[in-house]
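Peer 1: This structure is in structure tokens; I'll ask about it shortly.
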Amino acid sequence: MVLAHPELVPTADLDRDAMNRLQRVVAETAIVADEGVPATIDARVTVAGVDQAFSDEAVVSAAVALRAGEPIDRTVVRRPIVLPYIPGYLSFREAPASVDAVTGLSDRPDLLVVDGNGLLHPRGAGIATHVGVILDIPTVGVAKSLLCGRLDGPEPPYETGTRVPIVATDDMALPSGSTIGYAVQTRQWDTPDRHINPVYVSPGHRVSPETAVDHVLATVAGRKLPEPIRLADRAAGEAARSGLHR
DNA sequence: GCGACAG
DNA sequence: ATCTTGTCGC
């Protein structure tokens with residue numbers, strides 16, 4: 001698997017201005033529309049998930065590819081930790097390992113689900129966007145908490161299947177009021193006393209905000225997170241704990 | 001200066 | 001992300 005934009009891979013030697021400039025280029029290169037993404041997730045479509053776990057000295061990234069809901073391929077890579085976590089700059093810490101993990105898959109996935117945001121980012125260049133542009137693969141971002149933006153609709157709790165727009169605020173480098181993602185209730189208890197939080201879905205590359213939600217709902221398999229991400233999360237976590245993989 | 005802040 | 005047991009509810 002080749003990199004469409006190797007020059008956009010994050011490096012650890014950049015200062016804040018250089019990081020912002022790189023994210024600006026990534027955002028400009030990203031296609032926020034359905035161009036290349038499968039219209040529906042059927043049995044002929046390969047969907048992959050990628051996620052990272054950390055040990056004291058390394059970032060472990062795992063990518064798992066599924067077809068018809070069943071895992072058909074997986075890769076795990078270890079890379080040294082080069083940066084601390086900085087809100088808004090997650091890709092500089094995790095994208096290099098993510099790209100290596102996805103590149104290790106036998107076949108290029110038709111869609112990649114990333115743990116983190118895409119367009120739903122201060123500069124429209126979250127890790128889902130960054131990884132998607134580098135590989136030129138359709139990507140969607142799924143985050144478990146809200147990084148920025150404002151909910152344009154009712155507050156939780158929601159019923160399963162509910163999608164509420166997240167719009168850009170005026171402090172972001174995106175058109176204020178534009179839809180940058182959705183709060184999506186992928187699963188919910190049927191009891192009035194306890195609830196499950198929604199996930200925050202946004203387009204990464206070559207996907208529209210609406211299709212990003214459709215595809216996440218098509219891959220959740222009754223759980224809170226899409227199955228590709230769950231499996232990648234589990235694979236990375238297991239590898240990070242047991243040092244049996246060097 | 002204060003509060004917010006993906007993983 | 002990670003450190004960690006029990007506990008509430010289906």
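Naming works like this for the structure tokens: A, B, ... for the chains as they're shown, residue 1 at the start of each chain, ligands 1 onward in shown order.
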Which residues of chain B come within 8 Å of chain A, and what is each one's closest atom pair and distance in Å (one decimal), counting only C-alpha atoms (C1' of nucleotides), sorted by chain and residue number, as a tab-separated table?

Peer 2:
```
residue	atom	partner	partner_atom	distance
B:DC5	C1'	A:Pro87	CA	5.6
B:DA6	C1'	A:Gly116	CA	5.1
B:DG7	C1'	A:Leu90	CA	6.9
```

Peer 1: When you get a sec, could you note down which chain A residues fall within 10 Å of chain C, using only C-alpha atoms (C1' of nucleotides), as a list in words?

Peer 2: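 Taken together, these residues fit the definition: Gln52, Ala53, Phe54, Ser55, Asp56, Val59, Tyr85, Trp189, Asp190, Thr191, Asp193 and Arg194 of chain A.
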
Peer 1: How would the residues just picked look written out with C-alpha atoms as a PDB file, in the first residue's frame?

Peer 2:
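Listing of result01.pdb after writing:
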```pdb
ATOM      1  CA  GLN A  52      -3.774   2.888  19.476  1.00  0.00           C
ATOM      2  CA  ALA A  53      -2.805   1.785  22.967  1.00  0.00           C
ATOM      3  CA  PHE A  54       0.239   2.861  24.987  1.00  0.00           C
ATOM      4  CA  SER A  55       2.825   1.220  27.157  1.00  0.00           C
ATOM      5  CA  ASP A  56       5.429   3.237  29.049  1.00  0.00           C
ATOM      6  CA  VAL A  59       2.627   3.475  20.983  1.00  0.00           C
ATOM      7  CA  TYR A  85      -0.932  14.179  24.021  1.00  0.00           C
ATOM      8  CA  TRP A 189     -30.500   1.180  27.341  1.00  0.00           C
ATOM      9  CA  ASP A 190     -34.247   0.902  27.483  1.00  0.00           C
ATOM     10  CA  THR A 191     -34.317   2.035  31.092  1.00  0.00           C
ATOM     11  CA  ASP A 193     -32.540   5.811  34.933  1.00  0.00           C
ATOM     12  CA  ARG A 194     -29.260   5.074  33.197  1.00  0.00           C
TER      13      ARG A 194
END
```

Peer 1: Residues of segment 21-217 of chain A classed as helix (DSSP H, G or I) by DSSP on the backbone are to be reported as an MDAnalysis selection string.

Peer 2: chainID A and resid 21:29 90:103 127:135 209:217

Peer 1: Export N, CA and C atoms of the chosen residues as a compact mmCIF listing (two decimals), in the first residue's frame?

Peer 2:
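Final output, saved to again-v3.txt:
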```txt
# COMPACT_ATOMS: atom_id res chain seq x y z
N ARG A 21 0.37 24.86 10.24
CA ARG A 21 0.46 24.98 8.78
C ARG A 21 0.19 23.63 8.13
N LEU A 22 0.75 22.57 8.73
CA LEU A 22 0.54 21.22 8.17
C LEU A 22 -0.94 20.86 8.23
N GLN A 23 -1.58 21.17 9.35
CA GLN A 23 -3.00 20.85 9.47
C GLN A 23 -3.84 21.66 8.48
N ARG A 24 -3.38 22.87 8.19
CA ARG A 24 -4.11 23.68 7.22
C ARG A 24 -4.04 23.03 5.83
N VAL A 25 -2.87 22.53 5.48
CA VAL A 25 -2.71 21.86 4.18
C VAL A 25 -3.57 20.59 4.13
N VAL A 26 -3.55 19.84 5.23
CA VAL A 26 -4.34 18.61 5.30
C VAL A 26 -5.82 18.94 5.10
N ALA A 27 -6.29 19.99 5.79
CA ALA A 27 -7.70 20.38 5.68
C ALA A 27 -8.05 20.81 4.26
N GLU A 28 -7.12 21.50 3.60
CA GLU A 28 -7.37 21.95 2.23
C GLU A 28 -7.37 20.79 1.25
N THR A 29 -6.57 19.77 1.54
CA THR A 29 -6.47 18.61 0.65
C THR A 29 -7.64 17.65 0.82
N LEU A 90 -3.55 15.58 18.16
CA LEU A 90 -3.45 14.14 18.38
C LEU A 90 -2.73 13.40 17.25
N SER A 91 -2.92 13.85 16.02
CA SER A 91 -2.33 13.15 14.88
C SER A 91 -0.80 13.16 14.91
N PHE A 92 -0.21 14.17 15.53
CA PHE A 92 1.26 14.23 15.58
C PHE A 92 1.80 13.14 16.50
N ARG A 93 0.98 12.68 17.42
CA ARG A 93 1.37 11.62 18.35
C ARG A 93 1.00 10.24 17.83
N GLU A 94 -0.16 10.13 17.18
CA GLU A 94 -0.66 8.81 16.79
C GLU A 94 -0.76 8.48 15.31
N ALA A 95 -0.81 9.48 14.43
CA ALA A 95 -0.99 9.19 13.01
C ALA A 95 0.13 8.38 12.36
N PRO A 96 1.41 8.65 12.66
CA PRO A 96 2.47 7.86 12.02
C PRO A 96 2.31 6.37 12.26
N ALA A 97 2.02 5.99 13.49
CA ALA A 97 1.83 4.57 13.81
C ALA A 97 0.57 4.05 13.13
N SER A 98 -0.49 4.85 13.09
CA SER A 98 -1.74 4.44 12.45
C SER A 98 -1.53 4.13 10.98
N VAL A 99 -0.81 5.04 10.31
CA VAL A 99 -0.54 4.85 8.88
C VAL A 99 0.25 3.56 8.65
N ASP A 100 1.23 3.30 9.50
CA ASP A 100 2.02 2.07 9.37
C ASP A 100 1.15 0.83 9.55
N ALA A 101 0.25 0.89 10.52
CA ALA A 101 -0.61 -0.27 10.78
C ALA A 101 -1.52 -0.53 9.58
N VAL A 102 -2.15 0.51 9.06
CA VAL A 102 -3.06 0.33 7.92
C VAL A 102 -2.29 -0.13 6.68
N THR A 103 -1.12 0.42 6.50
CA THR A 103 -0.29 0.04 5.35
C THR A 103 0.11 -1.43 5.42
N ILE A 127 -7.33 13.59 13.36
CA ILE A 127 -6.53 12.42 12.94
C ILE A 127 -7.21 11.61 11.84
N ALA A 128 -8.54 11.56 11.81
CA ALA A 128 -9.23 10.80 10.76
C ALA A 128 -9.00 11.46 9.41
N THR A 129 -9.01 12.77 9.39
CA THR A 129 -8.77 13.52 8.16
C THR A 129 -7.31 13.34 7.74
N HIS A 130 -6.42 13.48 8.70
CA HIS A 130 -4.99 13.40 8.42
C HIS A 130 -4.60 12.04 7.84
N VAL A 131 -5.03 10.97 8.50
CA VAL A 131 -4.70 9.61 8.02
C VAL A 131 -5.36 9.35 6.66
N GLY A 132 -6.60 9.81 6.49
CA GLY A 132 -7.30 9.59 5.23
C GLY A 132 -6.59 10.27 4.06
N VAL A 133 -6.14 11.49 4.27
CA VAL A 133 -5.47 12.24 3.21
C VAL A 133 -4.11 11.61 2.87
N ILE A 134 -3.36 11.22 3.88
CA ILE A 134 -2.04 10.61 3.64
C ILE A 134 -2.18 9.34 2.80
N LEU A 135 -3.19 8.53 3.11
CA LEU A 135 -3.39 7.27 2.39
C LEU A 135 -4.33 7.40 1.19
N PRO A 209 -20.60 14.35 5.78
CA PRO A 209 -20.98 14.17 7.19
C PRO A 209 -22.13 13.17 7.35
N GLU A 210 -23.08 13.23 6.44
CA GLU A 210 -24.25 12.35 6.54
C GLU A 210 -23.89 10.88 6.27
N THR A 211 -23.09 10.65 5.23
CA THR A 211 -22.70 9.28 4.92
C THR A 211 -21.81 8.72 6.02
N ALA A 212 -21.03 9.58 6.65
CA ALA A 212 -20.16 9.13 7.75
C ALA A 212 -21.04 8.52 8.84
N VAL A 213 -22.15 9.18 9.14
CA VAL A 213 -23.07 8.67 10.16
C VAL A 213 -23.72 7.36 9.70
N ASP A 214 -24.17 7.33 8.44
CA ASP A 214 -24.80 6.11 7.91
C ASP A 214 -23.86 4.91 8.05
N HIS A 215 -22.61 5.11 7.69
CA HIS A 215 -21.66 4.00 7.73
C HIS A 215 -21.26 3.59 9.14
N VAL A 216 -21.27 4.54 10.05
CA VAL A 216 -20.98 4.18 11.45
C VAL A 216 -22.14 3.34 11.98
N LEU A 217 -23.36 3.79 11.71
CA LEU A 217 -24.52 3.02 12.17
C LEU A 217 -24.58 1.64 11.51
```

Peer 1: Report as a VMD selection string: the residues of segment 6-246 of chain A with a DSSP assignment of strand (DSSP E or B), based on the backbone of this structure.

Peer 2: chain A and resid 46 to 54 58 to 67 70 to 80 111 to 115 139 to 143 150 to 151 163 to 167 179 to 184 199 to 205

Peer 1: List the spatial neighbours of Thr160 of chain A as a list in words - criterion: any atom at most 8 Å away, only C-alpha atoms (C1' of nucleotides), same-chain residues fewer than 5 positions off excluded.

Peer 2: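 These residues fall inside the cut-off: Gln185, Thr186, Arg187 and Gln188 of chain A.
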
Peer 1: Could you save those same residues with all heavy atoms as a PDB file, in the first residue's frame?

Peer 2:
```pdb
ATOM      1  N   GLN A 185     -26.396   8.511  18.523  1.00  0.00           N
ATOM      2  CA  GLN A 185     -26.717   7.517  19.546  1.00  0.00           C
ATOM      3  C   GLN A 185     -26.694   6.141  18.892  1.00  0.00           C
ATOM      4  O   GLN A 185     -27.666   5.726  18.280  1.00  0.00           O
ATOM      5  CB  GLN A 185     -28.100   7.799  20.158  1.00  0.00           C
ATOM      6  CG  GLN A 185     -28.319   7.089  21.483  1.00  0.00           C
ATOM      7  CD  GLN A 185     -27.416   7.658  22.581  1.00  0.00           C
ATOM      8  OE1 GLN A 185     -27.293   8.864  22.710  1.00  0.00           O
ATOM      9  NE2 GLN A 185     -26.756   6.794  23.346  1.00  0.00           N
ATOM     10  N   THR A 186     -25.580   5.454  19.031  1.00  0.00           N
ATOM     11  CA  THR A 186     -25.414   4.148  18.395  1.00  0.00           C
ATOM     12  C   THR A 186     -26.070   3.022  19.181  1.00  0.00           C
ATOM     13  O   THR A 186     -26.355   1.960  18.647  1.00  0.00           O
ATOM     14  CB  THR A 186     -23.923   3.822  18.246  1.00  0.00           C
ATOM     15  OG1 THR A 186     -23.288   4.017  19.513  1.00  0.00           O
ATOM     16  CG2 THR A 186     -23.272   4.743  17.220  1.00  0.00           C
ATOM     17  N   ARG A 187     -26.285   3.278  20.466  1.00  0.00           N
ATOM     18  CA  ARG A 187     -26.869   2.262  21.335  1.00  0.00           C
ATOM     19  C   ARG A 187     -27.470   2.967  22.544  1.00  0.00           C
ATOM     20  O   ARG A 187     -26.996   4.032  22.922  1.00  0.00           O
ATOM     21  CB  ARG A 187     -25.791   1.282  21.788  1.00  0.00           C
ATOM     22  CG  ARG A 187     -26.296   0.183  22.691  1.00  0.00           C
ATOM     23  CD  ARG A 187     -25.174  -0.718  23.189  1.00  0.00           C
ATOM     24  NE  ARG A 187     -25.730  -1.822  23.965  1.00  0.00           N
ATOM     25  CZ  ARG A 187     -25.003  -2.777  24.549  1.00  0.00           C
ATOM     26  NH1 ARG A 187     -23.696  -2.760  24.443  1.00  0.00           N
ATOM     27  NH2 ARG A 187     -25.586  -3.716  25.227  1.00  0.00           N
ATOM     28  N   GLN A 188     -28.503   2.369  23.127  1.00  0.00           N
ATOM     29  CA  GLN A 188     -29.112   2.979  24.307  1.00  0.00           C
ATOM     30  C   GLN A 188     -29.789   1.912  25.162  1.00  0.00           C
ATOM     31  O   GLN A 188     -30.291   0.925  24.638  1.00  0.00           O
ATOM     32  CB  GLN A 188     -30.146   4.044  23.887  1.00  0.00           C
ATOM     33  CG  GLN A 188     -30.689   4.859  25.039  1.00  0.00           C
ATOM     34  CD  GLN A 188     -29.589   5.561  25.832  1.00  0.00           C
ATOM     35  OE1 GLN A 188     -28.943   4.944  26.682  1.00  0.00           O
ATOM     36  NE2 GLN A 188     -29.366   6.835  25.542  1.00  0.00           N
TER      37      GLN A 188
END
```

Peer 1: Atom CA of Ala183 of chain A and atom CA of Thr162 of chain A, how far apart in Å?

Peer 2: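 These atoms are spaced 8.0 Å apart.
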
Peer 1: Can you list, as a ChimeraX atom specification, every protein, DNA or RNA residue that comes within 10 Å of Ala235 of chain A when you count only C-alpha atoms (C1' of nucleotides), leaving out same-chain residues fewer than 5 positions away?

Peer 2: /A:50-53,60-64,74-76,229-230,240

Peer 1: Please dump the current selection as a JSON list (two decimals), in the first residue's frame; keep N, CA and C atoms.

Peer 2:
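What ended up in again34.json:
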```json
[["chain", "number", "residue", "atom", "x", "y", "z"],
["A", 50, "VAL", "N", -8.86, 1.34, 13.00],
["A", 50, "VAL", "CA", -7.50, 1.49, 13.52],
["A", 50, "VAL", "C", -7.56, 2.22, 14.86],
["A", 51, "ASP", "N", -6.74, 1.76, 15.82],
["A", 51, "ASP", "CA", -6.72, 2.39, 17.14],
["A", 51, "ASP", "C", -5.38, 2.14, 17.82],
["A", 52, "GLN", "N", -5.06, 2.96, 18.80],
["A", 52, "GLN", "CA", -3.77, 2.89, 19.48],
["A", 52, "GLN", "C", -3.91, 2.63, 20.97],
["A", 53, "ALA", "N", -2.89, 1.99, 21.52],
["A", 53, "ALA", "CA", -2.81, 1.79, 22.97],
["A", 53, "ALA", "C", -1.36, 2.16, 23.30],
["A", 60, "VAL", "N", 1.35, 1.53, 20.43],
["A", 60, "VAL", "CA", 1.02, 0.30, 19.70],
["A", 60, "VAL", "C", -0.23, 0.59, 18.88],
["A", 61, "SER", "N", -0.12, 0.41, 17.57],
["A", 61, "SER", "CA", -1.27, 0.66, 16.71],
["A", 61, "SER", "C", -1.72, -0.64, 16.08],
["A", 62, "ALA", "N", -3.02, -0.85, 16.05],
["A", 62, "ALA", "CA", -3.58, -2.06, 15.45],
["A", 62, "ALA", "C", -4.62, -1.68, 14.41],
["A", 63, "ALA", "N", -4.61, -2.40, 13.30],
["A", 63, "ALA", "CA", -5.61, -2.19, 12.24],
["A", 63, "ALA", "C", -6.27, -3.54, 12.00],
["A", 64, "VAL", "N", -7.59, -3.53, 11.93],
["A", 64, "VAL", "CA", -8.34, -4.76, 11.70],
["A", 64, "VAL", "C", -9.30, -4.52, 10.53],
["A", 74, "ARG", "N", -5.48, -8.46, 10.09],
["A", 74, "ARG", "CA", -5.13, -7.53, 11.17],
["A", 74, "ARG", "C", -3.62, -7.37, 11.26],
["A", 75, "THR", "N", -3.21, -6.19, 11.67],
["A", 75, "THR", "CA", -1.78, -5.90, 11.81],
["A", 75, "THR", "C", -1.57, -5.13, 13.11],
["A", 76, "VAL", "N", -0.40, -5.29, 13.70],
["A", 76, "VAL", "CA", -0.03, -4.57, 14.92],
["A", 76, "VAL", "C", 1.39, -4.04, 14.74],
["A", 229, "ILE", "N", -13.47, -0.62, 15.09],
["A", 229, "ILE", "CA", -12.73, 0.09, 16.13],
["A", 229, "ILE", "C", -12.62, -0.75, 17.39],
["A", 230, "ARG", "N", -13.68, -1.44, 17.73],
["A", 230, "ARG", "CA", -13.64, -2.30, 18.93],
["A", 230, "ARG", "C", -12.55, -3.35, 18.81],
["A", 240, "ALA", "N", -0.13, -4.06, 23.70],
["A", 240, "ALA", "CA", 0.57, -3.08, 24.53],
["A", 240, "ALA", "C", 0.93, -3.64, 25.90]]
```

Peer 1: Could you tell me how far atom CA of Arg223 of chain A sits from atom CA of Glu159 of chain A, in Å to one decimal place?

Peer 2: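 Taking atom CA of Glu159 of chain A and atom CA of Arg223 of chain A, their separation equals 13.9 Å.
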
Peer 1: For a test of reading the model, state the distance in Å between atom CA of Gly181 of chain A and atom CA of Ala4 of chain A, rounded to one decimal.

Peer 2: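 Spanning atom CA of Gly181 of chain A to atom CA of Ala4 of chain A is a straight-line distance of 25.1 Å.
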